[in-house]
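Here is data26.txt, consisting of compact mmCIF, C-alpha atoms:
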```
# COMPACT_ATOMS: atom_id res chain seq x y z
CA MET D 1 11.82 43.91 -16.06
CA LYS D 2 12.96 46.69 -18.31
CA LYS D 3 13.05 45.72 -21.96
CA VAL D 4 16.47 45.35 -23.48
CA SER D 5 17.19 46.62 -26.97
CA ARG D 6 19.65 44.49 -28.92
CA ARG D 7 21.80 47.36 -30.12
CA GLY D 8 24.89 45.29 -30.89
CA PHE D 9 26.58 46.01 -34.18
CA LEU D 10 24.80 43.04 -35.74
CA GLU D 11 21.40 44.52 -34.87
CA LYS D 12 21.43 46.75 -37.90
CA THR D 13 20.52 45.37 -41.29
CA LEU D 14 23.75 44.24 -42.94
CA ALA D 15 24.25 43.10 -46.49
CA ILE D 16 24.98 39.39 -46.74
CA GLY D 17 25.37 38.25 -50.30
CA ALA D 18 22.01 38.75 -51.98
CA GLY D 19 20.18 38.89 -48.65
CA SER D 20 20.51 40.62 -45.33
CA PHE D 21 20.99 39.83 -41.65
CA ILE D 22 19.13 41.35 -38.75
CA ALA D 23 19.86 40.29 -35.18
CA PRO D 24 16.69 38.88 -33.54
CA SER D 25 14.52 41.37 -31.70
CA LEU D 26 13.79 40.91 -28.04
CA LEU D 27 10.28 42.29 -28.36
CA ASN D 28 8.67 38.86 -28.66
CA MET D 29 11.15 37.09 -26.40
CA GLN D 30 10.94 38.92 -23.09
CA GLN D 31 9.08 36.08 -21.39
CA ALA D 32 11.96 33.69 -22.14
CA TYR D 33 13.94 34.97 -19.19
CA SER D 34 13.58 36.98 -16.03
CA LYS D 35 16.37 37.52 -13.54
CA ASN D 36 13.76 37.13 -10.84
CA SER D 37 12.73 33.60 -11.84
CA THR D 38 14.49 30.27 -12.15
CA ILE D 39 14.83 28.85 -15.68
CA ALA D 40 16.23 25.43 -14.85
CA ALA D 41 19.01 23.75 -12.94
CA ALA D 42 22.39 25.20 -13.80
CA GLY D 43 24.36 23.16 -16.32
CA SER D 44 21.39 21.58 -18.10
CA GLN D 45 21.91 23.84 -21.12
CA TRP D 46 24.99 21.87 -22.19
CA ILE D 47 24.04 18.22 -21.88
CA GLY D 48 25.12 16.49 -25.10
CA GLU D 49 27.85 14.24 -26.40
CA ASN D 50 31.56 14.39 -25.68
CA ASN D 51 33.67 15.96 -28.37
CA ILE D 52 37.07 17.61 -28.82
CA SER D 53 37.64 21.21 -29.85
CA LEU D 54 40.74 23.34 -30.29
CA ALA D 55 41.14 26.60 -28.41
CA GLN D 56 42.72 29.33 -30.53
CA TRP D 57 44.91 30.42 -27.64
CA ALA D 58 46.82 27.14 -27.85
CA LEU D 59 48.39 28.47 -31.07
CA VAL D 60 48.57 32.15 -30.18
CA ASP D 61 52.34 32.25 -30.73
CA GLU D 62 51.85 31.28 -34.38
CA ILE D 63 49.19 33.95 -34.81
CA ASN D 64 51.40 36.60 -33.21
CA LYS D 65 54.15 35.64 -35.65
CA GLY D 66 51.77 36.19 -38.56
CA GLU D 67 51.82 32.55 -39.67
CA TRP D 68 48.01 32.44 -40.03
CA LYS D 69 44.87 34.39 -39.18
CA THR D 70 41.52 33.65 -37.58
CA LEU D 71 39.97 33.01 -41.00
CA ASP D 72 42.42 30.12 -41.37
CA PHE D 73 41.48 28.56 -38.03
CA PRO D 74 38.89 26.07 -39.35
CA ARG D 75 41.41 24.73 -41.85
CA ILE D 76 44.18 24.52 -39.25
CA ALA D 77 41.98 22.60 -36.82
CA ARG D 78 40.75 20.12 -39.41
CA GLU D 79 43.79 19.59 -41.65
CA ASP D 80 46.61 19.87 -39.12
CA PHE D 81 44.96 18.23 -36.10
CA GLY D 82 41.87 16.37 -37.30
CA ILE D 83 39.72 18.32 -34.82
CA SER D 84 36.12 19.23 -35.63
CA GLY D 85 35.45 22.07 -33.17
CA ILE D 86 37.08 25.46 -32.59
CA GLU D 87 37.02 28.02 -29.76
CA PHE D 88 37.87 31.61 -30.64
CA VAL D 89 39.55 34.42 -28.70
CA ASN D 90 37.86 37.77 -29.32
CA THR D 91 41.11 39.77 -29.32
CA LEU D 92 42.34 37.68 -32.27
CA PHE D 93 39.45 38.63 -34.57
CA GLU D 94 40.86 40.94 -37.22
CA VAL D 95 37.77 42.84 -38.44
CA PRO D 96 34.55 41.31 -37.07
CA ILE D 97 32.18 42.85 -39.63
CA ALA D 98 29.45 41.03 -41.55
CA THR D 99 31.50 40.11 -44.63
CA TYR D 100 34.33 38.81 -42.44
CA LEU D 101 31.95 36.70 -40.35
CA ASN D 102 30.36 35.30 -43.50
CA ARG D 103 33.76 34.25 -44.79
CA LEU D 104 34.53 32.62 -41.44
CA LYS D 105 31.26 30.70 -41.57
CA ARG D 106 31.99 29.50 -45.11
CA ASN D 107 35.46 28.36 -44.11
CA ALA D 108 34.06 26.43 -41.16
CA ASP D 109 31.39 24.82 -43.32
CA GLU D 110 33.91 23.86 -46.01
CA HIS D 111 36.06 22.05 -43.45
CA GLY D 112 33.20 20.54 -41.45
CA VAL D 113 34.15 22.41 -38.28
CA LYS D 114 31.77 23.47 -35.51
CA MET D 115 32.34 26.91 -33.97
CA VAL D 116 31.89 26.26 -30.24
CA LEU D 117 32.44 29.44 -28.23
CA ILE D 118 34.22 32.79 -28.04
CA MET D 119 36.61 33.57 -25.19
CA VAL D 120 36.08 37.25 -24.37
CA ASP D 121 38.92 39.30 -22.90
CA ALA D 122 39.61 43.03 -22.49
CA GLU D 123 35.95 44.06 -22.30
CA GLY D 124 35.75 45.18 -18.68
CA GLU D 125 35.60 43.79 -15.17
CA THR D 126 32.45 41.92 -14.15
CA CYS D 127 33.29 42.17 -10.44
CA THR D 128 33.66 45.87 -9.62
CA PRO D 129 32.02 48.14 -7.03
CA SER D 130 31.15 50.69 -9.72
CA LYS D 131 27.61 50.21 -11.03
CA GLU D 132 28.43 52.27 -14.11
CA GLU D 133 31.46 50.13 -14.87
CA ARG D 134 29.37 46.99 -14.49
CA LYS D 135 26.81 48.34 -16.94
CA GLN D 136 29.54 49.25 -19.41
CA THR D 137 31.08 45.78 -19.12
CA VAL D 138 27.71 44.24 -19.98
CA THR D 139 27.35 46.58 -22.96
CA ASN D 140 30.85 45.68 -24.15
CA HIS D 141 30.03 41.96 -24.09
CA ARG D 142 26.82 42.29 -26.09
CA LYS D 143 28.54 42.47 -29.45
CA TRP D 144 30.29 39.17 -28.70
CA ILE D 145 26.98 37.59 -27.75
CA ASP D 146 25.65 38.72 -31.13
CA ILE D 147 28.69 37.35 -32.95
CA ALA D 148 28.55 34.05 -31.06
CA GLN D 149 24.90 33.65 -32.00
CA TYR D 150 25.56 34.43 -35.66
CA LEU D 151 28.45 31.98 -35.89
CA GLY D 152 26.44 29.21 -34.25
CA CYS D 153 28.45 29.09 -31.02
CA HIS D 154 26.72 28.00 -27.83
CA ALA D 155 28.51 30.35 -25.40
CA ILE D 156 30.92 33.14 -24.65
CA ARG D 157 33.56 32.83 -21.94
CA THR D 158 34.04 35.74 -19.53
CA ASN D 159 36.47 36.65 -16.75
CA CYS D 160 35.48 37.47 -13.17
CA ILE D 161 38.51 38.50 -11.12
CA GLY D 162 37.94 41.50 -8.86
CA ALA D 163 40.49 43.59 -7.02
CA LYS D 164 43.11 42.16 -4.70
CA ASP D 165 41.82 41.58 -1.15
CA ILE D 166 38.24 42.21 -2.28
CA ASP D 167 35.43 41.49 0.16
CA LYS D 168 33.99 38.28 -1.25
CA GLY D 169 30.51 38.97 0.05
CA GLU D 170 30.40 42.27 -1.80
CA ALA D 171 32.05 40.64 -4.82
CA LEU D 172 29.25 38.08 -4.93
CA LYS D 173 26.63 40.83 -4.96
CA TRP D 174 28.37 42.88 -7.67
CA SER D 175 29.07 39.89 -9.89
CA ALA D 176 25.54 38.53 -9.60
CA GLU D 177 24.17 41.89 -10.72
CA THR D 178 26.55 42.00 -13.68
CA TYR D 179 25.73 38.52 -14.88
CA ASN D 180 22.00 38.94 -14.42
CA MET D 181 22.21 41.97 -16.72
CA MET D 182 24.32 40.05 -19.20
CA LEU D 183 21.90 37.12 -19.20
CA GLU D 184 18.97 39.41 -19.94
CA TYR D 185 20.63 39.94 -23.30
CA ALA D 186 22.14 36.48 -23.83
CA VAL D 187 19.27 34.14 -22.98
CA PRO D 188 16.90 35.29 -25.75
CA ALA D 189 19.81 34.74 -28.16
CA ASN D 190 20.27 31.20 -26.74
CA ILE D 191 23.86 32.00 -25.79
CA SER D 192 25.29 30.80 -22.48
CA ILE D 193 27.66 32.83 -20.32
CA LEU D 194 30.61 30.97 -18.80
CA ILE D 195 33.30 32.04 -16.33
CA GLU D 196 36.85 30.69 -16.57
CA ASN D 197 39.12 30.59 -13.52
CA HIS D 198 41.62 33.25 -14.50
CA GLY D 199 42.57 34.58 -11.09
CA GLY D 200 41.05 36.51 -8.23
CA VAL D 201 37.65 35.38 -6.98
CA SER D 202 37.20 33.04 -9.95
CA ASN D 203 40.00 30.84 -8.57
CA ASP D 204 37.90 30.21 -5.44
CA ALA D 205 35.69 27.23 -6.34
CA ASP D 206 33.43 27.71 -3.32
CA TRP D 207 32.85 31.37 -4.18
CA LEU D 208 32.20 30.52 -7.83
CA VAL D 209 29.67 27.85 -6.88
CA SER D 210 27.94 30.39 -4.65
CA LEU D 211 27.69 32.74 -7.62
CA MET D 212 26.20 29.95 -9.76
CA LYS D 213 23.57 29.31 -7.08
CA VAL D 214 22.69 32.98 -6.65
CA VAL D 215 22.20 33.59 -10.38
CA ASN D 216 20.65 30.14 -10.86
CA SER D 217 20.28 29.92 -14.63
CA LYS D 218 20.89 27.02 -16.98
CA TYR D 219 22.54 29.59 -19.28
CA PHE D 220 25.19 30.46 -16.68
CA GLY D 221 28.13 28.23 -15.86
CA VAL D 222 31.83 27.57 -15.51
CA LEU D 223 34.56 26.77 -18.03
CA PRO D 224 37.10 25.02 -15.77
CA ASP D 225 40.69 25.76 -16.78
CA TRP D 226 42.79 22.64 -16.21
CA ARG D 227 45.82 24.61 -15.11
CA GLN D 228 48.60 22.62 -13.55
CA PRO D 229 48.35 22.27 -9.76
CA GLY D 230 50.28 24.66 -7.56
CA ALA D 231 50.66 25.87 -4.00
CA GLU D 232 47.76 28.29 -4.44
CA PHE D 233 45.56 26.31 -6.81
CA ASP D 234 44.14 22.82 -6.40
CA ASN D 235 43.05 22.07 -9.95
CA VAL D 236 41.54 18.68 -9.13
CA GLY D 237 39.54 20.10 -6.24
CA PHE D 238 38.44 23.08 -8.34
CA LEU D 239 37.26 20.80 -11.12
CA GLU D 240 35.41 18.51 -8.73
CA LYS D 241 33.47 21.37 -7.12
CA THR D 242 32.56 23.18 -10.34
CA LEU D 243 31.68 20.13 -12.47
CA PRO D 244 27.93 20.44 -11.84
CA TYR D 245 28.06 23.88 -13.47
CA ALA D 246 30.53 23.13 -16.29
CA GLY D 247 29.56 24.32 -19.76
CA GLY D 248 32.78 23.02 -21.30
CA MET D 249 36.34 22.16 -20.41
CA SER D 250 39.46 24.23 -21.00
CA PHE D 251 41.67 21.17 -21.27
CA ARG D 252 45.41 21.17 -20.56
CA ASN D 253 47.91 18.34 -20.15
CA GLN D 254 48.83 17.70 -16.52
CA PRO D 255 52.31 17.06 -15.04
CA SER D 256 51.72 13.33 -15.48
CA ASP D 257 49.58 11.32 -17.86
CA GLU D 258 48.16 9.55 -14.83
CA LEU D 259 46.80 12.82 -13.44
CA THR D 260 45.37 13.75 -16.82
CA GLU D 261 43.64 10.37 -17.02
CA LYS D 262 42.26 10.81 -13.50
CA MET D 263 40.73 14.18 -14.33
CA ILE D 264 39.24 12.94 -17.61
CA LYS D 265 37.72 9.96 -15.83
CA MET D 266 36.32 12.19 -13.08
CA THR D 267 34.52 14.47 -15.53
CA TYR D 268 32.97 11.50 -17.31
CA ASP D 269 32.00 9.58 -14.19
CA ARG D 270 30.38 12.69 -12.68
CA GLY D 271 28.19 13.05 -15.76
CA PHE D 272 29.78 15.83 -17.83
CA ARG D 273 29.09 15.51 -21.55
CA GLY D 274 30.29 18.26 -23.84
CA TRP D 275 33.26 19.92 -25.49
CA TYR D 276 36.81 19.46 -24.25
CA GLY D 277 38.61 22.49 -25.66
CA ILE D 278 42.33 21.77 -25.95
CA GLU D 279 44.33 24.75 -24.68
CA SER D 280 47.67 23.01 -24.20
CA SER D 281 50.28 25.30 -25.72
CA GLY D 282 51.92 24.41 -29.04
CA ARG D 283 51.40 21.76 -31.67
CA GLU D 284 53.18 18.93 -29.89
CA ASN D 285 51.15 19.42 -26.73
CA ILE D 286 47.92 19.76 -28.70
CA LEU D 287 48.52 16.40 -30.38
CA LYS D 288 49.32 14.82 -27.02
CA SER D 289 46.12 16.27 -25.53
CA LYS D 290 44.09 14.82 -28.37
CA GLU D 291 45.77 11.44 -27.95
CA LEU D 292 45.01 11.36 -24.22
CA LEU D 293 41.40 12.40 -24.73
CA MET D 294 40.85 9.84 -27.46
CA LYS D 295 42.37 7.17 -25.26
CA HIS D 296 40.52 7.87 -22.02
CA LEU D 297 37.29 9.67 -22.95
CA PRO D 298 34.27 7.65 -24.12
CA MET D 299 32.84 9.59 -27.05
CA LYS D 300 29.19 9.38 -26.12
```
Let me see whether you can do it: turn the structure in this file into structure tokens.
Amino acid sequence: MKKVSRRGFLEKTLAIGAGSFIAPSLLNMQQAYSKNSTIAAAGSQWIGENNISLAQWALVDEINKGEWKTLDFPRIAREDFGISGIEFVNTLFEVPIATYLNRLKRNADEHGVKMVLIMVDAEGETCTPSKEERKQTVTNHRKWIDIAQYLGCHAIRTNCIGAKDIDKGEALKWSAETYNMMLEYAVPANISILIENHGGVSNDADWLVSLMKVVNSKYFGVLPDWRQPGAEFDNVGFLEKTLPYAGGMSFRNQPSDELTEKMIKMTYDRGFRGWYGIESSGRENILKSKELLMKHLPMK
């Protein structure tokens, strides 16, 4: 396997207070991962305890109105909602340079908040016939892998959509190649790569499970989006099929509390233990999500 140089922006020596930060080199870590060998069963990277986090996108309207910034997110989560975990959106970072990241870490520490993952958008398509575009997409995601590692997150979330009417067999081949390249960079950093069902091929649970099996890495998984059910999307069925590969939950309130309870119970009974990231839109819905999770989810 060709050695990968960690040339993300955090690779360079950056001043941090009286010290400095250098992203870890891959030179002594190449044996940690090979795309040609199996690391472990998918999903085993995330076994832990249940907990509740807040997805930044749930309050995106407030951010767009200028009411607060990403640096305020730890305080908002803790003081306004009593939530101890946060999930970022990369497009909402103002200036992700070293001093900014240090301030964000201090704010999280001061409020006792765990930074869980970064949702990565607008950095290229992972399912494209162009090999050069796939390589560029991987390069674009590397800086967010670096940032996630530095902030203490366990994962980044990616999108895998593809063109309309794409051949799913070809899509599987292209996507597997993309994510194998991405994992070559992410695994030595101990960062997992997750896919959220945001349309296209990622809405097809059977296709997504096939991709998980082809790549076959404990650092590769799914972040199921609990979107409301519709004519073209069976959210309960999607969740059921992808649960073995879930590295987190993108939690949303369902049309009825009974359905929400059913889905919470299913994730627990099937063995998922990890972060439930509330992405229900707006403060009222966030508080309701937390109430339902606290009521129906055993915290162990």
Excluding same-chain residues fewer than 6 positions from Asn140 in chain D, what lies within 10 Å of it counting all atoms listed in the file, as a PDB file with C-alpha atoms, in the frame of the given file?
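Below is the file around.pdb, written as the result:
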```
ATOM      1  CA  GLY D   8      24.890  45.290 -30.890  1.00  0.00           C
ATOM      2  CA  VAL D 120      36.080  37.250 -24.370  1.00  0.00           C
ATOM      3  CA  ALA D 122      39.610  43.030 -22.490  1.00  0.00           C
ATOM      4  CA  GLU D 123      35.950  44.060 -22.300  1.00  0.00           C
ATOM      5  CA  GLY D 124      35.750  45.180 -18.680  1.00  0.00           C
ATOM      6  CA  ARG D 134      29.370  46.990 -14.490  1.00  0.00           C
ATOM      7  CA  MET D 182      24.320  40.050 -19.200  1.00  0.00           C
TER       8      MET D 182
END
```
Given the point (37.7, 12.0, -23.1) in the coordinates of this file, which residues lie within 8 Å, counting only C-alpha atoms, and how would they look as an MDAnalysis selection string?
chainID D and resid 50:51 264:265 268 276 292:299
Calculate how many Å separate CA of Val95 in chain D from CA of Glu67 in chain D, rounding to one decimal.
17.5 Å
Which residue out of D:Asn253, D:Pro96, D:Ser202, D:Asp72 has the minimum interatomic distance to Ile147 in chain D when only C-alpha atoms are used?
D:Pro96
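Using all atoms listed in the file, the shortest contact distance between Arg142 in chain D and any of D:Val116, D:Met181, D:Ala171, D:Val214 is found at D:Met181.
Between CA of Ile63 in chain D and CA of Lys143 in chain D lies a distance of 23.0 Å.
You can rank D:Asn64, D:Ser84, D:Thr128, D:Gln136 by their closest distance to Met115 in chain D using all atoms listed in the file, and at the top of that list sits D:Ser84.
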Smallest atom-to-atom distance to Tyr179 in chain D: which of D:Leu71, D:Leu239, D:Met212, D:Ala148, using all atoms listed in the file?
D:Met212
If we count only C-alpha atoms and set the cut-off at 10 Å, which residues sit around Ile193 in chain D, ignoring sequence neighbours fewer than 6 positions away in its own chain? Please answer as a PyMOL selection string.
chain D and resi 117+145+154-158+179+182-183+186-187+217-223+247
Which of D:Ile166, D:Ile278, D:Val60, D:Leu208 sits closest to Ile86 in chain D [using all atoms listed in the file]:
D:Ile278
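Candidate residues D:Leu211, D:Ala108, D:Val89, D:Cys153 were compared for distance to Thr178 in chain D, and the nearest is D:Leu211, using all atoms listed in the file.
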Select all residues near (31.8, 34.8, -15.2) (cut-off 7 Å, inclusive, file coordinates), counting all atoms listed in the file, and output them as a ChimeraX atom specification.
/D:158-160,193-196
Taking C-alpha atoms for each residue, export the selection above as an mmCIF file, in the frame of the given file.
```
data_model
loop_
_atom_site.group_PDB
_atom_site.id
_atom_site.type_symbol
_atom_site.label_atom_id
_atom_site.label_comp_id
_atom_site.auth_asym_id
_atom_site.auth_seq_id
_atom_site.Cartn_x
_atom_site.Cartn_y
_atom_site.Cartn_z
ATOM 1 C CA THR D 158 34.040 35.740 -19.530
ATOM 2 C CA ASN D 159 36.470 36.650 -16.750
ATOM 3 C CA CYS D 160 35.480 37.470 -13.170
ATOM 4 C CA ILE D 193 27.660 32.830 -20.320
ATOM 5 C CA LEU D 194 30.610 30.970 -18.800
ATOM 6 C CA ILE D 195 33.300 32.040 -16.330
ATOM 7 C CA GLU D 196 36.850 30.690 -16.570
#
```
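The shell of residues at most 8 Å from Met249 in chain D, with only C-alpha atoms counted and near chain neighbours (fewer than 4 positions) removed, consists of Leu223, Pro224, Asp225, Trp226, Gly274, Trp275, Tyr276 and Gly277 of chain D.
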Have a look at CA of Glu284 in chain D and CA of Arg252 in chain D and let me know their distance in Å, one decimal.
12.3 Å
Asp206 in chain D environment, 9 Å, only C-alpha atoms, sequence neighbours closer than 2 positions dropped, as a PyMOL selection string
chain D and resi 203-204+208-211+238+241-242
Which residues, written as a short mmCIF file (atom, residue, chain, number, x, y, z; two decimals) with C-alpha atoms, keeping the file's coordinate frame, have at least one atom at most 12 Å from Glu110 in chain D, with only C-alpha atoms counted and residues fewer than 3 positions away on the same chain left out?
```cif
data_model
loop_
_atom_site.label_atom_id
_atom_site.label_comp_id
_atom_site.auth_asym_id
_atom_site.auth_seq_id
_atom_site.Cartn_x
_atom_site.Cartn_y
_atom_site.Cartn_z
CA ASP D 72 42.42 30.12 -41.37
CA PHE D 73 41.48 28.56 -38.03
CA PRO D 74 38.89 26.07 -39.35
CA ARG D 75 41.41 24.73 -41.85
CA ARG D 78 40.75 20.12 -39.41
CA GLU D 79 43.79 19.59 -41.65
CA SER D 84 36.12 19.23 -35.63
CA ARG D 103 33.76 34.25 -44.79
CA LEU D 104 34.53 32.62 -41.44
CA LYS D 105 31.26 30.70 -41.57
CA ARG D 106 31.99 29.50 -45.11
CA ASN D 107 35.46 28.36 -44.11
CA VAL D 113 34.15 22.41 -38.28
CA LYS D 114 31.77 23.47 -35.51
#
```
